[in-house]
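Report on the structure given below.
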Amino acid sequence: MLELLLKNGLYTNVNTGNISKKDMLIKDGKIKKITEGINYESKSLKIIDLNENYIYPGFIDCHTHMGIIEEGTGSLGINNNEDSNPVMPELRAIDGINPNDMAFNDAVCHGITTVMSGPGSHNAVGGQNIALKTSGNIIDRMILKNPLGIKIALGEEPISTYGKQGKCPITRMATSALIRELFYQAQEYMEKKSNGSLKEKNMKLEAVIPLLKGELYLRAHAHRADDIVTAIRIADEFNIKKLIIEHGTEAHLIIDYLKEKNIPVAFGPMLTPRIKMELIQRNYSSALKLVEGGIKVALITDHPYNSIDQLRSVAILAASEGLNALDSLKCITINPAEMMGLDELIGKLEEGYDADIVVLDKNALNIMAKVILTIIDGKIVYNPHFSTI
């Protein structure tokens, strides 16, 4: 595997905000050493002089529908919502993602190295999502974690989807009841498996077992404050410790409760118009309020509802509303990594971490900055600027 030595990069520590000129040695897809003046020789070594450009951990979007809603294909490329049944935990995003979707190339060119992609929000229980790197053409070789979590959706999406079909759910109460019914059935199924009385396997219930065992995240689509509280209530009832609120448009209205319950928010998308009732409270300053209130926040694009190439723009917008630069960077690096349980692999430039790196010609929160180098797992995947030595 290619060995890389990146020389003279302006390294930003996302924990402290300190900027210093350092070299970085990359070997076997990992960051091996970060310090000043690295001298290293190897027949397979390639050296890139970064010429004091800015080097960051690869950016991370922990809520997208990349590859499962394909760009430029029309209705044939929309695979995110299975509208035939409101409860489908057995659906696997990996079976619907096309890694040749042009969005993956956009991600690489804009320094996004990891995303979560998964089902949409039409169903009360929509299926299993996945964490993956953004470079490759075989989805099974891009995986960081599969499945990452189970998608549930509260609010108007399931109601509007099935109400017009004359099916359940047509109320918020029914949506919650469907989720509870599934979880109760899964608990009984687990008990039968453990005592040897299970007669046949059930795909739906098998999919829920890792969630109830604490191995997966419950990732809850919820905009309104009351729906956020319902998600927390359901998680508490079934002792689910790994809950992520996705979107969280009204999360700023219940900051103290979220802090009490230690619930993080994957916030966004920020750049959408208020095209439905649940978005009325959408406000660019909400991320600032949540962070100041002690809530862990990741900023998301919800691609394609905001294009994946807008992730850094969203962080810049949050900074323009008063979120400090360090917190804005954390919202697209270490925070989403933590909210996917992958913070020991990605989200930082530290020795032992995956060599997922983005280099920009200016500070990342400068709207005029351009990505000039992207590296994923130690492999150069975008390089319009540098020559190697």
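Ligands are numbered from 1 in the order shown, residues from 1 within each chain, and chains are lettered A, B, ... in the order they appear in the structure tokens.
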
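For His221 (chain A), the residues within 10 Å (counting only C-alpha atoms, excluding itself and residues fewer than 6 positions away along the chain) are Gly120, Ser121, His122, Ala124, Lys151, Ile152, Ala153, Leu154, Gly155, Glu157, Asp227, Ile228, Ala231, Ile244, Ile245, Glu246, His247, Gly248 and Ala266 of chain A.
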
*If you measure from CA of Gly163 (chain A) to CA of Ala222 (chain A), what distance in Å do you get, rounded to one decimal?*
18.4 Å

*Extract, using only C-alpha atoms, all DNA, RNA and protein residues at most 9 Å from Arg282 (chain A), discarding same-chain residues fewer than 5 positions from it, and format them as a PyMOL selection string.*
chain A and resi 249-250+268+270+272-274

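If only C-alpha atoms are the atoms counted, then among A:Lys7, A:Lys22, A:Arg92, A:Lys133 the closest residue to Ile47 (chain A) is A:Lys7.
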
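CA of Met173 (chain A) sits 12.8 Å away from CA of Arg233 (chain A).
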
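The closest residue to Asp361 (chain A), picked from A:Ile316, A:Ile60, A:Leu50, A:Leu253 and counting only C-alpha atoms, is A:Leu50.
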
DSSP-assigned strand (DSSP E or B) among region 94-303 of chain A, expressed as a compact mmCIF listing (two decimals) with C-alpha atoms, in the first residue's frame:
```txt
# COMPACT_ATOMS: atom_id res chain seq x y z
CA ILE A 112 -16.48 14.60 2.87
CA THR A 113 -14.90 11.23 3.59
CA THR A 114 -17.58 9.43 5.63
CA VAL A 115 -21.37 9.48 5.55
CA MET A 116 -24.32 7.68 7.06
CA SER A 117 -26.84 6.74 4.41
CA VAL A 125 -39.89 1.92 11.06
CA GLY A 126 -37.94 2.34 7.85
CA GLY A 127 -35.04 -0.08 8.07
CA GLN A 128 -31.30 -0.24 8.73
CA ASN A 129 -28.81 2.48 7.88
CA ILE A 130 -25.09 2.23 7.24
CA ALA A 131 -21.84 4.14 7.80
CA LEU A 132 -19.52 4.14 4.81
CA LYS A 133 -16.55 5.86 3.22
CA ILE A 143 -18.43 -0.05 4.86
CA LEU A 144 -17.38 1.29 8.24
CA LYS A 145 -20.35 -0.19 10.12
CA ASN A 146 -23.35 -2.10 8.82
CA PRO A 147 -25.92 -1.87 10.14
CA LEU A 148 -25.32 1.32 12.05
CA GLY A 149 -28.83 1.79 13.37
CA ILE A 150 -32.56 1.38 12.91
CA LYS A 151 -34.55 4.26 11.42
CA ILE A 152 -37.86 5.30 12.96
CA ALA A 153 -39.90 8.33 11.93
CA TYR A 217 -28.50 3.20 17.36
CA LEU A 218 -32.15 4.13 17.35
CA ARG A 219 -32.08 7.00 14.87
CA ALA A 220 -35.31 8.93 15.19
CA HIS A 221 -36.59 11.31 12.50
CA ALA A 222 -38.28 14.00 14.59
CA LEU A 243 -30.78 7.33 20.67
CA ILE A 244 -29.98 9.98 18.07
CA ILE A 245 -32.51 12.68 17.18
CA GLU A 246 -32.27 13.42 13.47
CA HIS A 247 -33.35 16.84 12.16
CA VAL A 265 -28.99 15.93 17.73
CA ALA A 266 -28.04 15.47 14.08
CA PHE A 267 -29.32 18.91 13.14
CA VAL A 297 -24.65 18.55 17.72
CA ALA A 298 -23.67 17.28 14.29
CA LEU A 299 -24.59 19.31 11.24
```

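Residues within 8 Å of region 69-86 of chain A, counting only C-alpha atoms and excluding same-chain residues fewer than 4 positions away, are A:His65, A:Gly96, A:Ile97, A:Asn98, A:Asp101, A:Met102, A:Ala103, A:Gly118, A:Pro119, A:Gly120, A:Ser121, A:His122, A:Asn123, A:Ala124, A:Val125, A:Gly126, A:Pro158, A:Thr161, A:Tyr162, A:Cys168, A:Pro169, A:Pro304.
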
Could you write out the selected residues, including C-alpha atoms, as a PDB file, in the first residue's frame?
```
ATOM      1  CA  HIS A  65     -29.606   9.333   1.633  1.00  0.00           C
ATOM      2  CA  GLY A  96     -30.305  -0.045  -2.141  1.00  0.00           C
ATOM      3  CA  ILE A  97     -27.200   2.152  -2.341  1.00  0.00           C
ATOM      4  CA  ASN A  98     -25.524   2.695  -5.696  1.00  0.00           C
ATOM      5  CA  ASP A 101     -24.253   7.804  -7.689  1.00  0.00           C
ATOM      6  CA  MET A 102     -22.599  11.086  -8.698  1.00  0.00           C
ATOM      7  CA  ALA A 103     -23.058  12.371  -5.146  1.00  0.00           C
ATOM      8  CA  GLY A 118     -30.165   5.025   4.848  1.00  0.00           C
ATOM      9  CA  PRO A 119     -33.915   4.789   4.407  1.00  0.00           C
ATOM     10  CA  GLY A 120     -36.269   7.756   4.300  1.00  0.00           C
ATOM     11  CA  SER A 121     -38.976   8.857   6.712  1.00  0.00           C
ATOM     12  CA  HIS A 122     -42.245   7.604   5.207  1.00  0.00           C
ATOM     13  CA  ASN A 123     -42.383   4.567   7.476  1.00  0.00           C
ATOM     14  CA  ALA A 124     -42.810   4.351  11.235  1.00  0.00           C
ATOM     15  CA  VAL A 125     -39.888   1.921  11.062  1.00  0.00           C
ATOM     16  CA  GLY A 126     -37.942   2.341   7.846  1.00  0.00           C
ATOM     17  CA  PRO A 158     -45.720   8.422   8.103  1.00  0.00           C
ATOM     18  CA  THR A 161     -47.865   8.582   3.495  1.00  0.00           C
ATOM     19  CA  TYR A 162     -50.301   6.000   4.847  1.00  0.00           C
ATOM     20  CA  CYS A 168     -52.451   2.814   9.650  1.00  0.00           C
ATOM     21  CA  PRO A 169     -50.955   5.145  10.801  1.00  0.00           C
ATOM     22  CA  PRO A 304     -30.134  15.281  -1.479  1.00  0.00           C
TER      23      PRO A 304
END
```

*Considering only C-alpha atoms, state which residue in the set A:Thr230, A:Asp140, A:Gly341, A:Lys289 is at the smallest distance from Gly214 (chain A).*
A:Gly341

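All residues within region 18-153 of chain A that the backbone DSSP calculation assigns to helix (DSSP H, G or I) are Gly74, Ser75, Leu76, Gly77, Ala93, Ile94, Asp95, Met102, Ala103, Phe104, Asn105, Asp106, Ala107, Val108, Cys109, Ile139, Asp140 and Arg141 of chain A.
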
Would you mind exporting N, CA and C atoms of the selected residues as a PDB file, in the first residue's frame?
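Saved the output as selection14.pdb:
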```pdb
ATOM      1  N   GLY A  74     -33.995  10.516 -11.994  1.00  0.00           N
ATOM      2  CA  GLY A  74     -35.443  10.571 -11.905  1.00  0.00           C
ATOM      3  C   GLY A  74     -35.983   9.535 -10.930  1.00  0.00           C
ATOM      4  N   SER A  75     -37.247   9.138 -11.124  1.00  0.00           N
ATOM      5  CA  SER A  75     -37.923   8.264 -10.160  1.00  0.00           C
ATOM      6  C   SER A  75     -37.279   6.883 -10.055  1.00  0.00           C
ATOM      7  N   LEU A  76     -36.614   6.424 -11.099  1.00  0.00           N
ATOM      8  CA  LEU A  76     -36.004   5.091 -11.063  1.00  0.00           C
ATOM      9  C   LEU A  76     -34.867   4.992 -10.050  1.00  0.00           C
ATOM     10  N   GLY A  77     -34.277   6.122  -9.670  1.00  0.00           N
ATOM     11  CA  GLY A  77     -33.180   6.106  -8.720  1.00  0.00           C
ATOM     12  C   GLY A  77     -33.592   6.447  -7.301  1.00  0.00           C
ATOM     13  N   ALA A  93     -30.158  -0.721   4.012  1.00  0.00           N
ATOM     14  CA  ALA A  93     -29.709   0.327   3.091  1.00  0.00           C
ATOM     15  C   ALA A  93     -28.656  -0.196   2.122  1.00  0.00           C
ATOM     16  N   ILE A  94     -27.814  -1.094   2.592  1.00  0.00           N
ATOM     17  CA  ILE A  94     -26.731  -1.601   1.753  1.00  0.00           C
ATOM     18  C   ILE A  94     -27.260  -2.200   0.446  1.00  0.00           C
ATOM     19  N   ASP A  95     -28.491  -2.730   0.476  1.00  0.00           N
ATOM     20  CA  ASP A  95     -29.067  -3.348  -0.715  1.00  0.00           C
ATOM     21  C   ASP A  95     -29.650  -2.330  -1.690  1.00  0.00           C
ATOM     22  N   MET A 102     -23.534   9.972  -8.555  1.00  0.00           N
ATOM     23  CA  MET A 102     -22.599  11.086  -8.698  1.00  0.00           C
ATOM     24  C   MET A 102     -22.368  11.853  -7.400  1.00  0.00           C
ATOM     25  N   ALA A 103     -23.240  11.683  -6.426  1.00  0.00           N
ATOM     26  CA  ALA A 103     -23.058  12.371  -5.146  1.00  0.00           C
ATOM     27  C   ALA A 103     -21.789  11.939  -4.435  1.00  0.00           C
ATOM     28  N   PHE A 104     -21.368  10.691  -4.640  1.00  0.00           N
ATOM     29  CA  PHE A 104     -20.140  10.235  -3.986  1.00  0.00           C
ATOM     30  C   PHE A 104     -18.927  10.986  -4.523  1.00  0.00           C
ATOM     31  N   ASN A 105     -18.908  11.253  -5.797  1.00  0.00           N
ATOM     32  CA  ASN A 105     -17.819  12.055  -6.358  1.00  0.00           C
ATOM     33  C   ASN A 105     -17.863  13.481  -5.820  1.00  0.00           C
ATOM     34  N   ASP A 106     -19.077  14.043  -5.708  1.00  0.00           N
ATOM     35  CA  ASP A 106     -19.205  15.386  -5.115  1.00  0.00           C
ATOM     36  C   ASP A 106     -18.657  15.408  -3.693  1.00  0.00           C
ATOM     37  N   ALA A 107     -18.960  14.363  -2.946  1.00  0.00           N
ATOM     38  CA  ALA A 107     -18.494  14.295  -1.564  1.00  0.00           C
ATOM     39  C   ALA A 107     -16.965  14.314  -1.510  1.00  0.00           C
ATOM     40  N   VAL A 108     -16.332  13.466  -2.306  1.00  0.00           N
ATOM     41  CA  VAL A 108     -14.874  13.380  -2.335  1.00  0.00           C
ATOM     42  C   VAL A 108     -14.256  14.729  -2.712  1.00  0.00           C
ATOM     43  N   CYS A 109     -14.830  15.387  -3.714  1.00  0.00           N
ATOM     44  CA  CYS A 109     -14.281  16.663  -4.180  1.00  0.00           C
ATOM     45  C   CYS A 109     -14.472  17.782  -3.176  1.00  0.00           C
ATOM     46  N   ILE A 139     -19.902  -1.380  -2.754  1.00  0.00           N
ATOM     47  CA  ILE A 139     -20.410  -0.862  -1.485  1.00  0.00           C
ATOM     48  C   ILE A 139     -19.913  -1.687  -0.297  1.00  0.00           C
ATOM     49  N   ASP A 140     -19.779  -3.005  -0.480  1.00  0.00           N
ATOM     50  CA  ASP A 140     -19.340  -3.869   0.620  1.00  0.00           C
ATOM     51  C   ASP A 140     -17.917  -3.556   1.078  1.00  0.00           C
ATOM     52  N   ARG A 141     -17.135  -2.905   0.203  1.00  0.00           N
ATOM     53  CA  ARG A 141     -15.761  -2.552   0.565  1.00  0.00           C
ATOM     54  C   ARG A 141     -15.637  -1.111   1.041  1.00  0.00           C
TER      55      ARG A 141
END
```

List the neighbours of Thr16 (chain A) out to 12 Å using only C-alpha atoms; skip same-chain residues closer than 5 positions along the sequence, and give me the result as a PDB file with N, CA and C atoms, in the first residue's frame.
```pdb
ATOM      1  N   TYR A  11      -1.826  22.372  10.480  1.00  0.00           N
ATOM      2  CA  TYR A  11      -2.640  21.362  11.170  1.00  0.00           C
ATOM      3  C   TYR A  11      -3.517  22.042  12.213  1.00  0.00           C
ATOM      4  N   ALA A 325     -15.767  28.982  15.949  1.00  0.00           N
ATOM      5  CA  ALA A 325     -15.156  28.240  14.852  1.00  0.00           C
ATOM      6  C   ALA A 325     -14.840  26.806  15.242  1.00  0.00           C
ATOM      7  N   LEU A 326     -14.336  26.617  16.451  1.00  0.00           N
ATOM      8  CA  LEU A 326     -13.966  25.274  16.883  1.00  0.00           C
ATOM      9  C   LEU A 326     -15.183  24.364  16.959  1.00  0.00           C
ATOM     10  N   ASP A 327     -16.276  24.867  17.537  1.00  0.00           N
ATOM     11  CA  ASP A 327     -17.493  24.067  17.635  1.00  0.00           C
ATOM     12  C   ASP A 327     -18.084  23.789  16.251  1.00  0.00           C
ATOM     13  N   LEU A 329     -16.408  23.366  13.486  1.00  0.00           N
ATOM     14  CA  LEU A 329     -15.615  22.275  12.922  1.00  0.00           C
ATOM     15  C   LEU A 329     -15.955  20.939  13.573  1.00  0.00           C
ATOM     16  N   LYS A 330     -16.154  20.952  14.882  1.00  0.00           N
ATOM     17  CA  LYS A 330     -16.515  19.709  15.570  1.00  0.00           C
ATOM     18  C   LYS A 330     -17.831  19.142  15.051  1.00  0.00           C
ATOM     19  N   LYS A 348     -10.741  12.770  13.711  1.00  0.00           N
ATOM     20  CA  LYS A 348      -9.590  13.473  14.253  1.00  0.00           C
ATOM     21  C   LYS A 348      -8.359  13.184  13.406  1.00  0.00           C
TER      22      LYS A 348
END
```

Close residues, Ile376 (chain A) itself excluded, 7 Å, only C-alpha atoms, min 4 positions apart in chain, as a short mmCIF file (atom, residue, chain, number, x, y, z; two decimals) with N, CA and C atoms, in the first residue's frame:
```
data_model
loop_
_atom_site.label_atom_id
_atom_site.label_comp_id
_atom_site.auth_asym_id
_atom_site.auth_seq_id
_atom_site.Cartn_x
_atom_site.Cartn_y
_atom_site.Cartn_z
N THR A 113 -15.52 12.54 3.71
CA THR A 113 -14.90 11.23 3.59
C THR A 113 -15.74 10.10 4.18
N ALA A 355 -6.57 7.35 7.95
CA ALA A 355 -6.00 8.49 7.23
C ALA A 355 -7.03 9.05 6.27
N ASP A 356 -8.06 9.68 6.85
CA ASP A 356 -9.10 10.40 6.11
C ASP A 356 -8.83 11.89 6.31
N ILE A 357 -8.41 12.56 5.24
CA ILE A 357 -7.81 13.89 5.36
C ILE A 357 -8.31 14.78 4.24
N ILE A 380 -5.01 8.72 -2.07
CA ILE A 380 -5.39 10.00 -2.65
C ILE A 380 -6.56 9.79 -3.59
N VAL A 381 -7.70 10.42 -3.28
CA VAL A 381 -8.90 10.23 -4.10
C VAL A 381 -9.30 11.50 -4.84
#
```
